[in-house]
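Structure, as structure tokens:
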Amino acid sequence: MCTLLFSIQQHPDYPFVLIANRDEFYQRPSAPVRFWEDESGILGGQDLQEGGTWMGITQNGRFAALTNYREGGRNIADSPSRGFLVRDYLTHKKSSAAFSDSLQHKGIRYNGFNMLFGNMEEGWHCYSNRGGRTINLAPGLYGLSNHLLNSPWPKVEHGKQRLASVLKAQSKITPAQLLPILEENNTWPDDQLPDTGISLEWERRLSSIFITSENYGTCVSTIVLIDKNKHVTYFEKEHRSGLAHRFEFDLI
């Protein structure tokens with residue numbers, strides 16, 4: 001998952017709105033969004049290579065999503081999969097505060113990551129093992145890509161502006177209104193690009209919200225809406241197949 005744009009208490013009818021793109025190597029096997037065939041209660045996609053997930057929600061409202069922290073040349077070869085962190089939060093009974101404490105202790109074992117997690121009752125939180133602490137998120141509009149929360153990368157700033165415009169203009173929010181934000185493929189001038197330790201060619205290619213290349217790019221776009229009545233709409237589009245999946249349920 002490489003771009004998350006989300007709002008907390010920025011629309012009178014939708015206290016939580018999130019739109020996201022997952023960027024990955026095309027050859028990495030994954031299952032599309034579904035309720036997992038176990039007792040976890042997770043709704044989300046699944047990484048079939050390692051068994052974790054990049055994003056998911058449970059019927060009692062626990063939500064988590066992950067992005068990698070891009071830092072070329074720095075990699076722990078035997079690090080556990082970061083997707084286990086999302087799975088662990090969704091399946092464990094820990095409070096968000098207790099889970100945050102555990103992240104502080106074990107985060108160093110993993111390659112760089114950012115994690116958004118929380119629920120409607122306990123609030124929303126963001127942790128990065130490259131930022132060193134958990135941020136308890138106030139109402140606002142946020143963007144998270146492959147650096148720290150709200151790092152002013154062009155696609156993050158542009159995406160936040162686009163999301164804010166939809167929230168301001170629409171009384172009823174639908175996935176169809178939000179999906180075009182995630183499908184923008186414009187890149188940005190070199191002098192606006194970050195330096196994350198990779199080549200300039202790849203900085204350019206990764207600068208768009210929607211990424212394409214020969215073997216790596218945006219695989220799925222996901223939209224999560226939680227309204228004031230705790231009704232969840234979870235929409236996901238698979239870009240390589242063109243298939244779309246939509247789930248709706250009330251939090252219990």
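Here's how to read the names in the structure tokens: chain A, B, ... by the order shown, residue numbers from 1 in each chain, ligand numbers from 1 in the order shown.
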Backbone-only DSSP, alpha helix (DSSP H) members of range 93-123 of chain A, as a PyMOL selection string = chain A and resi 96-106
Same residues, C-alpha atoms, output as a PDB file, in the first residue's frame:
```
ATOM      1  CA  SER A  96      -5.461   0.418  20.520  1.00  0.00           C
ATOM      2  CA  ALA A  97      -3.313   1.846  23.323  1.00  0.00           C
ATOM      3  CA  ALA A  98      -1.960  -1.599  24.251  1.00  0.00           C
ATOM      4  CA  PHE A  99      -1.319  -2.431  20.608  1.00  0.00           C
ATOM      5  CA  SER A 100       0.534   0.864  20.202  1.00  0.00           C
ATOM      6  CA  ASP A 101       2.772  -0.046  23.136  1.00  0.00           C
ATOM      7  CA  SER A 102       3.605  -3.374  21.509  1.00  0.00           C
ATOM      8  CA  LEU A 103       4.475  -1.610  18.247  1.00  0.00           C
ATOM      9  CA  GLN A 104       6.941   0.603  20.079  1.00  0.00           C
ATOM     10  CA  HIS A 105       8.782  -2.470  21.314  1.00  0.00           C
ATOM     11  CA  LYS A 106       8.780  -4.722  18.257  1.00  0.00           C
TER      12      LYS A 106
END
```
Name all residues at most 7 Å from range 76-92 of chain A (count only C-alpha atoms; drop same-chain ones fewer than 3 positions away) and give them as a short mmCIF file (atom, residue, chain, number, x, y, z; two decimals) with C-alpha atoms, in the first residue's frame.
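Output saved as selection_8.cif:
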```cif
data_model
loop_
_atom_site.label_atom_id
_atom_site.label_comp_id
_atom_site.auth_asym_id
_atom_site.auth_seq_id
_atom_site.Cartn_x
_atom_site.Cartn_y
_atom_site.Cartn_z
CA SER A 40 -10.82 -13.77 12.32
CA ILE A 42 -11.41 -9.81 8.72
CA GLU A 50 3.36 -14.34 3.46
CA GLY A 52 -0.73 -11.03 6.08
CA THR A 53 -2.61 -8.10 4.63
CA TRP A 54 -2.06 -4.45 3.75
CA MET A 55 -5.54 -3.30 4.83
CA ILE A 57 -11.59 -4.05 8.76
CA THR A 58 -13.58 -6.26 11.12
CA ARG A 62 -11.26 -2.41 14.01
CA PHE A 63 -9.46 -1.02 10.97
CA ALA A 64 -5.81 -0.98 9.95
CA ALA A 65 -3.75 -0.17 6.87
CA LEU A 66 -0.04 -0.19 6.15
CA PHE A 99 -1.32 -2.43 20.61
CA ARG A 109 12.44 -5.80 13.88
CA TYR A 110 10.69 -4.72 10.68
CA ASN A 111 11.71 -2.86 7.59
#
```
Polymer residues at most 12 Å from Pro139 in chain A, only C-alpha atoms, same-chain spacing of 5 or more positions, as an NGL selection string = :A and (6-11 or 15-17 or 123-125)
How would the residues just picked look written out with N, CA and C atoms as a PDB file, in the first residue's frame?
```
ATOM      1  N   PHE A   6      -7.099  10.218   3.849  1.00  0.00           N
ATOM      2  CA  PHE A   6      -8.259   9.942   4.706  1.00  0.00           C
ATOM      3  C   PHE A   6      -8.667  11.168   5.509  1.00  0.00           C
ATOM      4  N   SER A   7      -9.927  11.176   5.881  1.00  0.00           N
ATOM      5  CA  SER A   7     -10.469  12.277   6.661  1.00  0.00           C
ATOM      6  C   SER A   7     -11.119  11.742   7.927  1.00  0.00           C
ATOM      7  N   ILE A   8     -10.972  12.502   8.994  1.00  0.00           N
ATOM      8  CA  ILE A   8     -11.583  12.196  10.280  1.00  0.00           C
ATOM      9  C   ILE A   8     -12.451  13.378  10.674  1.00  0.00           C
ATOM     10  N   GLN A   9     -13.744  13.152  10.765  1.00  0.00           N
ATOM     11  CA  GLN A   9     -14.708  14.180  11.190  1.00  0.00           C
ATOM     12  C   GLN A   9     -14.661  15.418  10.296  1.00  0.00           C
ATOM     13  N   GLN A  10     -14.550  15.206   8.975  1.00  0.00           N
ATOM     14  CA  GLN A  10     -14.526  16.322   8.040  1.00  0.00           C
ATOM     15  C   GLN A  10     -15.775  16.379   7.163  1.00  0.00           C
ATOM     16  N   HIS A  11     -16.746  15.534   7.446  1.00  0.00           N
ATOM     17  CA  HIS A  11     -18.023  15.545   6.730  1.00  0.00           C
ATOM     18  C   HIS A  11     -19.119  15.228   7.742  1.00  0.00           C
ATOM     19  N   PRO A  15     -17.973  10.307   9.365  1.00  0.00           N
ATOM     20  CA  PRO A  15     -16.852  10.635  10.253  1.00  0.00           C
ATOM     21  C   PRO A  15     -15.524  10.031   9.837  1.00  0.00           C
ATOM     22  N   PHE A  16     -15.549   8.990   8.981  1.00  0.00           N
ATOM     23  CA  PHE A  16     -14.302   8.404   8.508  1.00  0.00           C
ATOM     24  C   PHE A  16     -14.429   8.077   7.028  1.00  0.00           C
ATOM     25  N   VAL A  17     -13.520   8.638   6.238  1.00  0.00           N
ATOM     26  CA  VAL A  17     -13.454   8.381   4.793  1.00  0.00           C
ATOM     27  C   VAL A  17     -12.005   8.091   4.458  1.00  0.00           C
ATOM     28  N   GLY A 123     -10.765   5.951  18.651  1.00  0.00           N
ATOM     29  CA  GLY A 123     -10.100   6.946  17.828  1.00  0.00           C
ATOM     30  C   GLY A 123      -9.104   6.313  16.875  1.00  0.00           C
ATOM     31  N   TRP A 124      -8.372   7.181  16.174  1.00  0.00           N
ATOM     32  CA  TRP A 124      -7.501   6.759  15.086  1.00  0.00           C
ATOM     33  C   TRP A 124      -6.063   7.144  15.399  1.00  0.00           C
ATOM     34  N   HIS A 125      -5.130   6.282  14.997  1.00  0.00           N
ATOM     35  CA  HIS A 125      -3.741   6.431  15.398  1.00  0.00           C
ATOM     36  C   HIS A 125      -2.835   6.098  14.219  1.00  0.00           C
TER      37      HIS A 125
END
```
Enter the distance from CA of Tyr216 in chain A to CA of Thr174 in chain A, in Å, rounded to one decimal.
->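 Computed distance, CA of Tyr216 in chain A to CA of Thr174 in chain A, equals 28.4 Å.
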Shell around Ser128 in chain A at 8 Å using only C-alpha atoms, local window under 2 positions removed, as a ChimeraX atom specification = /A:112-115,126,130-134,148
Which polymer residues have any atom within 12 Å of an atom of Leu243 in chain A, counting only C-alpha atoms, with same-chain residues fewer than 3 positions away left out, as number ranges by chain?
-> A: 32-33, 219-221, 235-240, 246
Residues just named, written with N, CA and C atoms as a short mmCIF file (atom, residue, chain, number, x, y, z; two decimals), in the first residue's frame:
```cif
data_model
loop_
_atom_site.label_atom_id
_atom_site.label_comp_id
_atom_site.auth_asym_id
_atom_site.auth_seq_id
_atom_site.Cartn_x
_atom_site.Cartn_y
_atom_site.Cartn_z
N PRO A 32 -8.11 -11.24 -3.64
CA PRO A 32 -8.91 -10.01 -3.59
C PRO A 32 -9.66 -9.90 -2.27
N VAL A 33 -10.21 -8.72 -2.03
CA VAL A 33 -10.93 -8.47 -0.79
C VAL A 33 -12.08 -9.47 -0.63
N CYS A 219 -2.01 -2.00 -7.97
CA CYS A 219 -2.76 -3.24 -8.19
C CYS A 219 -4.23 -3.09 -7.84
N VAL A 220 -4.53 -2.44 -6.72
CA VAL A 220 -5.92 -2.25 -6.32
C VAL A 220 -6.11 -0.85 -5.75
N SER A 221 -7.32 -0.33 -5.90
CA SER A 221 -7.75 0.91 -5.25
C SER A 221 -8.88 0.56 -4.29
N PHE A 235 -15.25 -0.67 -0.74
CA PHE A 235 -15.21 -0.86 -2.20
C PHE A 235 -13.77 -1.06 -2.63
N GLU A 236 -13.56 -2.01 -3.53
CA GLU A 236 -12.21 -2.22 -4.04
C GLU A 236 -12.26 -2.56 -5.52
N LYS A 237 -11.33 -1.98 -6.28
CA LYS A 237 -11.20 -2.25 -7.70
C LYS A 237 -9.85 -2.87 -7.97
N GLU A 238 -9.86 -4.02 -8.65
CA GLU A 238 -8.63 -4.66 -9.12
C GLU A 238 -8.31 -4.11 -10.51
N HIS A 239 -7.17 -3.48 -10.65
CA HIS A 239 -6.90 -2.79 -11.91
C HIS A 239 -6.46 -3.71 -13.04
N ARG A 240 -5.81 -4.78 -12.74
CA ARG A 240 -5.35 -5.65 -13.81
C ARG A 240 -6.50 -6.46 -14.40
N ARG A 246 -17.71 -4.92 -3.73
CA ARG A 246 -18.34 -3.97 -2.81
C ARG A 246 -19.00 -4.75 -1.68
#
```
